[in-house]
There are 4 protein chains.
Amino acid sequence: MALRVALVGASGYTGIEALRLLSQHPAVQLTALCAGRMAGMPLDRVAPAFTGLDAPPLEPFDAKAVAEKADYAFLALPHGTAQDAAADLLAEGVRVIDLSADHRFADPARYAAIYGEHRRPESLAETVYGLAEHHRHRIRDSRLVGCPGCYPTAVTLAAAPAVRAGWTVGEVIADCKSGVSGAGRNPGAGTHYPETADGLHAYKSLAHRHAPEMSRNLGGVKVHFVPHLVPIIRGILATVYLRLGEAHDLAAVRALYSKAYADEPFVHLLPEGAHPDPRHVRGTNRCHIGLFVDGDLLVVQSVIDNLGKGAAGQAVQCLNLMAGLPETTGLEHSAVFP
Amino acid sequence: MALRVALVGASGYTGIEALRLLSQHPAVQLTALCAGRMAGMPLDRVAPAFTGLDAPPLEPFDAKAVAEKADYAFLALPHGTAQDAAADLLAEGVRVIDLSADHRFADPARYAAIYGEHRRPESLAETVYGLAEHHRHRIRDSRLVGCPGCYPTAVTLAAAPAVRAGWTVGEVIADCKSGVSGAGRNPGAGTHYPETADGLHAYKSLAHRHAPEMSRNLGGVKVHFVPHLVPIIRGILATVYLRLGEAHDLAAVRALYSKAYADEPFVHLLPEGAHPDPRHVRGTNRCHIGLFVDGDLLVVQSVIDNLGKGAAGQAVQCLNLMAGLPETTGLEHSAVFP
Amino acid sequence: MALRVALVGASGYTGIEALRLLSQHPAVQLTALCAGRMAGMPLDRVAPAFTGLDAPPLEPFDAKAVAEKADYAFLALPHGTAQDAAADLLAEGVRVIDLSADHRFADPARYAAIYGEHRRPESLAETVYGLAEHHRHRIRDSRLVGCPGCYPTAVTLAAAPAVRAGWTVGEVIADCKSGVSGAGRNPGAGTHYPETADGLHAYKSLAHRHAPEMSRNLGGVKVHFVPHLVPIIRGILATVYLRLGEAHDLAAVRALYSKAYADEPFVHLLPEGAHPDPRHVRGTNRCHIGLFVDGDLLVVQSVIDNLGKGAAGQAVQCLNLMAGLPETTGLEHSAVFP
Amino acid sequence: MALRVALVGASGYTGIEALRLLSQHPAVQLTALCAGRMAGMPLDRVAPAFTGLDAPPLEPFDAKAVAEKADYAFLALPHGTAQDAAADLLAEGVRVIDLSADHRFADPARYAAIYGEHRRPESLAETVYGLAEHHRHRIRDSRLVGCPGCYPTAVTLAAAPAVRAGWTVGEVIADCKSGVSGAGRNPGAGTHYPETADGLHAYKSLAHRHAPEMSRNLGGVKVHFVPHLVPIIRGILATVYLRLGEAHDLAAVRALYSKAYADEPFVHLLPEGAHPDPRHVRGTNRCHIGLFVDGDLLVVQSVIDNLGKGAAGQAVQCLNLMAGLPETTGLEHSAVFP
C-alpha cells in the first residue's frame, strides 16, 4: 500500500522539486498539495513542466485536513513559517520532514542566534538532523526530520571523513559555488538574467548563516565560508581546504574516503584525478567527490544538486528511511546529460 | 519478463540519452551495449553522470553477438553507418529501432537525393517511420523503425493537424531554434563555448536536409526551413507560419488541434495565450504546442527535447508499441524545473 | 569646443549605455546627469562598471537647470514620461533626442492607438524619426528626434531595400529573437535567471506594439511580428521572410542591398552564405545583414545590439548629425570578441 | 606621430583582443599583422566582429619585414614559439611585448622547470616582467617585456599589498574561477558548449603551472592554486585566502590596500562590503578588489578580464609606458553593461 504523503508549500523551487520526485515515487501516493498565494491555481501555471500531471489540487494549508489525508508531510516553506506547521502536524500525528531551516538545530538558543527566536521550541526536542549519511538510524524512528541546508550538505559530506578521523587540524575554508536557483524563486536585482548571466561573484563572504550549521556538523571546528553565485541554474560545487595534521598522502586519504562512503548509495568518490561537476548530479540525490593533496593541504571537492541532495532529494531519502523502504526508492535516476 | 534490448552506439548524445532512458525503463533489461572508439571504456568516462550505473560493458558491435542477447536493438549511430548494422541485425531476427536518418525514407531514390546512395535498400521496403502520432499501428508490427529527425518531429507535430485538415494553402515557413546538443558531441568552432554562448545565428538557411523529410510528412507541401542555433543545451522551438485558406478563427484552430491531440499522451496543447518553452519538456518525450492567429496567418509554436521526443524518447515510445507495452512506459517523468 | 550634453534617465539599461557612449565620445562634454529614484546615488552603485568614472552627479530632472548646462539632451525615460520632459526642454531651447517611444509617430492618433493619448501633441509636429539611414537630412536640422524602437530598427534595415525597390509582394513575417536586456532593468518572473537561462520562448505573438512602427517604416505593408526571448544578454536577430514579386535571384538581391548600404557606415552586408550573429555587433552601433533566396522566398537576417544601434548608439549617431560632426564620431569601436 | 606597432599572432583570442585595442588606440598605427595558418585570410573571417575594420593584411611572420614597418611588436603566440620571434625581433631593433609565458622568468632554470628548455636564454637577461603596478619604471626603459599570466595577474594584485607589508604568515590559497576563453580558441571536449554550459568544475587542482609565477611575484611564499572553469566567456575572479600574522582588522587592511592602489589608474578597491564581479571589468584593463576579514583570516577577491588586464590590456599598458605615453591611453573605456 502506498505511503500517503502531503506536500506543504508547492510553489517554490524546493517544493516544485519535491512534487516532481514524489509524483514519480513508486511507493508514494501524493494525497494533499498545499500552497499559499498559489492555492487554487492549476498546476501547469505553478510550473509548465507539470502540464498534464495528475496531482491533487493546490489548497490552503490546514493541519487537520492534511492529517486526514496523509501520514507524512513535506514542508517546503520559508524558515520561520515551517515551525508552526510542523508543530501542528505533529500534534495531529503526522510525521514531518521539514526542508526549511527551522528544525536543523535541536538547541533553541543556537537556532535563535542565527534565525531569531523559535516559536515552537518543544518540537526541537525531538528533531533529527536529516543527513542520512550521519543519522540514518535515528531518522528511521523519528517523527520530525530537519533537512540540512544545501551548502552544509555539500561541505559536510566533503569534510567529515577527514575531520571525524582526526586527520585534520585548524580551521576549515569552504569556498562554495552555487547555482542561482539557490536564491529562491522570488525575482530580484541579484537574479535578474541580464546582470547574472556571464558573470559571477561571492556574496555574504564570511557572514553566511549556513556556516554555524557546517561547524556543528563537523564537531565544532571553525568553518570560514565564502559562497559564490555562478551562472548555472542548479548545483553546488564545494571546494574545501583542510590541513592534515600528520603526513597522509593522497592514497591514504582516498582509502579513508573510499571506506567512509563504501556503503553509501548516493555518495561516490570519483577516480583519482577526476574533478566533480554539479552537472553530473543535476536532478539527482547524488554527491560526487574528488580529492587532491599537496603537502599537508587536502582539497576536497564535492558536488550536489542544491534542490536534490541539498533539499528535496535528501527529504525523499529521509522519507524512505522513516517508512522502512529501501533508501534509494524513487531516487535511482541518473542526471540528464548533456 | 523484461524485454531484452541492445544499444548500439552509446557514446554520442543520442546514445547516451537512450542509455539513460533504457536503464530506467521498468520493462527493459539492457543486455548489450556497443560502441566504436569507446569500447572497453568504463561508463563513467563516457558520461560522468553514469557514475555508479549498473550496465553491461561497452563492446565493439557484432550483429550475431547482439542477436544472442537481445530481441530489440537501438541504433544510435551516424547515418550511413546504421544501414549495415540494421540489415545485419534484421537478418539475425532482431527488431531494430534506428535513430539515424538511414531508414526515414522508404524510397531509396529519395534517401539518395539527400544522404547519398543507400547500401542496403532491401531494408527500406519494410521500414516504418517512427512518428507514433501518425503511424502507431504500423509501428506495432514492424521489424524496423526509422525514427524521425528532431526538426521534422517538431515541425510535423506543429503543422500536421492544420495541413491534414486541408485548412492551409501555399507554402510553409518553419523558423526553428535548436539547442547546441543538436550539433552532436564532436567539438568544433561552431560549438566552442566562448563563441557559442551569449549569441545566436541561423545556419544552412533554406538548405538544411531535414526540409524534405518535413515536406514528405506534410503530404508534399513545400517547407522553407531556417534553423537557428541558440545557446541552450537541449531543446527545439519550432515557430511555424501557415496560411489559412478560409476564414478560421483562433477558437476553430484550437478546437482542431485539441481534437487531433486529445488522445496523445505526449502532445499537449497549452492554454490560450501560453507560449511553449523547450525547458519545460527537457529530458522528456513531450511536445507542448501554442497557437496564434492574425487574419489568415496561423502561427504554431511547438517545443520538444531534440534528444527526447526528437530522438531517444521517441525511440522508446516505438519500442513500447512494438512490444505491446503501454505507450508511456518508462516515459512518464516530468522535466526538471527550474 | 565640446558639445554640452545632458542625459536624463541614467539608471535603466538604455540610459546606462548612453552614459557609457557619451562619456567616451571625444566631442561630448557630459554636463548633466538626471535620474529619478537613483538621484544622489554614486555612479558605481548604478552600475559597478562605472567605478572610477568621472561624471556629473545624479540629480533630479529639472528642465530649466538642464537648459543652463546643456544644448542637447538625451531622454532615456519610460514612454509616457518622456513627452513632458521633451516639451519642457524644447521650450527652453534644448535640442532633444528621445530614446523612448514618445516621438516615433508624428500623428497623435497613431501614437494614441498604440500607447494611449499623447499629452504634448504639439511636439509631434516637429519630431523626426531617428533612423539615420532613412532620414539623415531631416535629422541634421531637427530640434526633436524620436529614436526608433529596437525591433523596428532591425526589421526595417532588413526589409527596406527590397520593399522600397518594389520587389516584394504581400505581407512580411518578422521572426525576431531578442536578448533579455530588451525587457528592461526591472526584475520579474520572466527575467529571473533560473527560469530564463537554458530556455527560450516567443511572447506577445502577433500582438507586440512594435509591429505598427515596422509597418509604417515599410510604407504600410502588413508586418506579422513574433518576438522571442533568447538567453543572451544583449542583441537582436531578425529573421525576415519576404515574397519576391518577380524572379530575382540571390545575386540580384545582393546587388540591391549592396548598393542600398554602400555608403552606410554602420550597415554591413556579410559575404554570401554568411549568417549574422548579434555577438559580433554587441556594444556597437553596427548592423550585419545576411541574405538567402529560395524560389520567390527572400530571407533577410539582420543583427543589431538592442541597446546600441537599437537605442543609445543610434541616438549618438543622431547627435552627431544634429551637431554637424562626422556620423561615426565616438562609435567606431568593434565588438569585444569573444 | 603615431607609434608604429606590429601584431604577431592575430588569430587567437589574445591576439584578437590586442588587435581590437591597438586598432582603437589613438596613438598607435598598426603597421603589420602576422598570422600562421590564417595568413591571407580576410580579417572578418578571423573574427566577424572585425567586419569593415581597416587594418593591414594578415601576413606570415618575418622578423626583418616587421622591423621595416614597426618599432614595437606584440607577440600573441603560443609559449615556446614566441621565444624565437622575440629574439629575432630584438636583433632587428624592435622592442618586444610578449604576451606568452616565454619571458615571464628571467632565470632560464626556472622557466625550464615549468615550460621546458628555453631556446633563446640570452633574451631572458633583459626581460622585464610586465606587471606595471610592480615594475613600472623598469618597463619604461625595457626592450623586452614578458607580460604576466592571467591568473598570476589577478592573484598578485589581490595578495601583494598584504604580503609585501609583511602582514601575512604561512601559505596562500588561491581559489580562482576563470571564463572559458582562458582555454584558448582551439575547440575541445572541455570547451564544447553542451558540456560546458550550466556546469563548472576545477581542473589541474594544485598542479597548474601558473602557481610558481604567483609564488615568485609574492616573494616566494607557497601558493596553493585551484583554478575552476566557470560558464562565462571572459573574466577571472580570484578568491585569495591569507592568514594575518598579527591582529589587523578590516579597517586596517582597507587602509593598506587603499594606499597601495591610490595612484593606480586601473586598480580599484570597491566600497566596504561590495563583492567584485568580472562582468564589471569585461573588455577593460581594470581590476576591482574586495576585502573581507574574520579573525586572522583575510579574504581578498579580485577580478580582471583574462584577455584584458590579464593579457592584451596589460600589454597595451606596457606599450604606453615604453613609449612615454600616459599609461591609460587607449584603455579608458568602461565595461559594456549589462
# chains A, B, ... in the order shown; residues from 1 in each chain; ligands from 1
>>> interface_residues(of="chain B", to="chain C", cutoff="9 Å", atoms="only C-alpha atoms", output="PyMOL selection string")
chain B and resi 173+175+177+179+194-195+197-207+224+226+230-235+237+239+241+273-280+292-294+297+299+301+337-338
>>> write_last_selection(atoms="C-alpha atoms", output="compact mmCIF listing (two decimals), in the first residue's frame")
# COMPACT_ATOMS: atom_id res chain seq x y z
CA ILE B 173 7.75 28.57 -43.24
CA ASP B 175 11.71 29.08 -38.30
CA LYS B 177 15.59 27.29 -32.88
CA GLY B 179 19.97 23.84 -28.64
CA PRO B 194 33.40 31.17 -25.97
CA GLU B 195 31.93 31.66 -29.46
CA ALA B 197 27.41 31.41 -25.53
CA ASP B 198 25.62 34.76 -25.44
CA GLY B 199 24.95 34.77 -29.19
CA LEU B 200 22.80 33.01 -31.77
CA HIS B 201 22.59 32.65 -35.53
CA ALA B 202 20.85 30.80 -38.29
CA TYR B 203 22.74 28.16 -40.25
CA LYS B 204 22.13 26.31 -43.52
CA SER B 205 19.28 28.74 -44.20
CA LEU B 206 16.86 27.22 -46.74
CA ALA B 207 19.35 24.42 -47.35
CA HIS B 224 11.02 26.68 -46.17
CA VAL B 226 15.59 28.13 -41.43
CA VAL B 230 20.61 29.13 -29.76
CA PRO B 231 22.67 28.99 -26.57
CA ILE B 232 20.72 26.32 -24.76
CA ILE B 233 21.92 22.78 -24.24
CA ARG B 234 18.88 20.81 -25.35
CA GLY B 235 15.54 21.59 -26.94
CA LEU B 237 11.36 25.56 -30.54
CA THR B 239 7.80 28.61 -34.96
CA TYR B 241 3.95 30.01 -40.23
CA GLY B 273 -2.16 32.71 -24.94
CA ALA B 274 0.56 30.48 -23.46
CA HIS B 275 3.90 30.24 -25.27
CA PRO B 276 5.77 26.93 -25.10
CA ASP B 277 9.39 26.80 -23.92
CA PRO B 278 11.67 23.80 -24.55
CA ARG B 279 12.83 23.98 -20.94
CA HIS B 280 9.51 22.60 -19.83
CA PHE B 292 -1.77 32.16 -32.57
CA VAL B 293 -3.87 33.60 -35.39
CA ASP B 294 -3.97 37.01 -37.07
CA LEU B 297 -1.90 33.75 -40.69
CA VAL B 299 1.45 30.62 -36.16
CA GLN B 301 4.81 27.01 -31.87
CA PHE B 337 12.37 22.58 -13.14
CA PRO B 338 13.94 25.04 -12.84
>>> residues_around(residues="B:Gly149", least_positions_apart="3", cutoff="8 Å", atoms="only C-alpha atoms", output="compact mmCIF listing (two decimals) with all heavy atoms, in the first residue's frame")
# COMPACT_ATOMS: atom_id res chain seq x y z
N SER B 100 19.09 6.98 -36.48
CA SER B 100 19.76 7.78 -37.52
C SER B 100 18.79 8.11 -38.65
O SER B 100 17.62 7.76 -38.61
CB SER B 100 20.95 7.01 -38.08
OG SER B 100 20.53 6.14 -39.12
N ALA B 101 19.30 8.76 -39.68
CA ALA B 101 18.46 9.13 -40.82
C ALA B 101 18.29 7.99 -41.82
O ALA B 101 17.56 8.13 -42.80
CB ALA B 101 19.08 10.34 -41.53
N PRO B 152 12.15 17.62 -38.00
CA PRO B 152 10.89 17.16 -38.59
C PRO B 152 9.84 16.77 -37.54
O PRO B 152 8.65 16.99 -37.75
CB PRO B 152 11.32 15.97 -39.44
CG PRO B 152 12.72 16.29 -39.85
CD PRO B 152 13.31 16.97 -38.62
N THR B 153 10.28 16.22 -36.41
CA THR B 153 9.31 15.88 -35.37
C THR B 153 8.60 17.13 -34.89
O THR B 153 7.36 17.19 -34.81
CB THR B 153 10.02 15.20 -34.18
OG1 THR B 153 10.63 13.99 -34.63
CG2 THR B 153 9.05 14.88 -33.06
N HIS B 210 16.87 18.43 -43.45
CA HIS B 210 15.65 17.96 -42.80
C HIS B 210 14.39 18.48 -43.50
O HIS B 210 13.30 17.99 -43.22
CB HIS B 210 15.63 18.38 -41.32
CG HIS B 210 16.37 17.45 -40.42
ND1 HIS B 210 16.48 17.64 -39.05
CD2 HIS B 210 17.02 16.28 -40.67
CE1 HIS B 210 17.17 16.66 -38.52
NE2 HIS B 210 17.53 15.83 -39.47
N GLY B 310 12.60 14.13 -29.82
CA GLY B 310 13.27 14.26 -31.11
C GLY B 310 14.26 13.14 -31.40
O GLY B 310 14.85 13.10 -32.48
N ALA B 311 14.43 12.20 -30.47
CA ALA B 311 15.39 11.11 -30.72
C ALA B 311 15.11 9.93 -29.79
O ALA B 311 14.28 9.07 -30.08
CB ALA B 311 16.82 11.60 -30.58
>>> atom_distance(atom1="atom CA of B:Pro42", atom2="atom CA of B:Ile16")
13.5 Å
>>> residues_around(residues="stretch 84-99 of chain D", least_positions_apart="5", cutoff="8 Å", atoms="only C-alpha atoms", output="VMD selection string")
chain D and resid 14 63 to 64 66 to 67 70 to 77 119 to 120 123 142 to 148 311 to 312 315 318 to 319
>>> select_by_dssp(residues="stretch 78-302 of chain C", states="strand (DSSP E)", output="number ranges by chain")
C: 95-98, 127-129, 144-146, 168-178, 201-202, 223-229, 236-244, 267-269, 287-294, 297-302
>>> residues_around(residues="B:Pro212", least_positions_apart="5", cutoff="12 Å", atoms="only C-alpha atoms", output="list in words")
Arg104, Phe105, Arg110, Tyr111, Ala113, Ile114, Tyr115, Pro148, Gly149, Tyr151, Pro152, Val155, Thr156, Leu206, Ala207, Asn217, Leu218, Gly219, Gly220, Val221, Lys222, Val223, His224 and Phe225 of chain B
>>> select_by_dssp(residues="stretch 31-106 of chain B", states="helix (DSSP H, G or I)", output="PyMOL selection string")
chain B and resi 43-46+48-50+63-69+82-91
>>> residues_around(residues="C:Arg286", least_positions_apart="3", cutoff="9 Å", atoms="only C-alpha atoms", output="PyMOL selection string")
chain C and resi 265-268+280-283+303-305+308-309+313+331+334
>>> residues_around(residues="D:Arg45", least_positions_apart="2", cutoff="12 Å", atoms="only C-alpha atoms", output="list in words")
Leu270, Pro271, Ala274 and His280 of chain C; Ala10, Ser11, Ile16, Met38, Ala39, Gly40, Met41, Pro42, Leu43, Ala47, Pro48, Ala49, Phe50, Thr51, Gly52, Leu53 and Leu58 of chain D
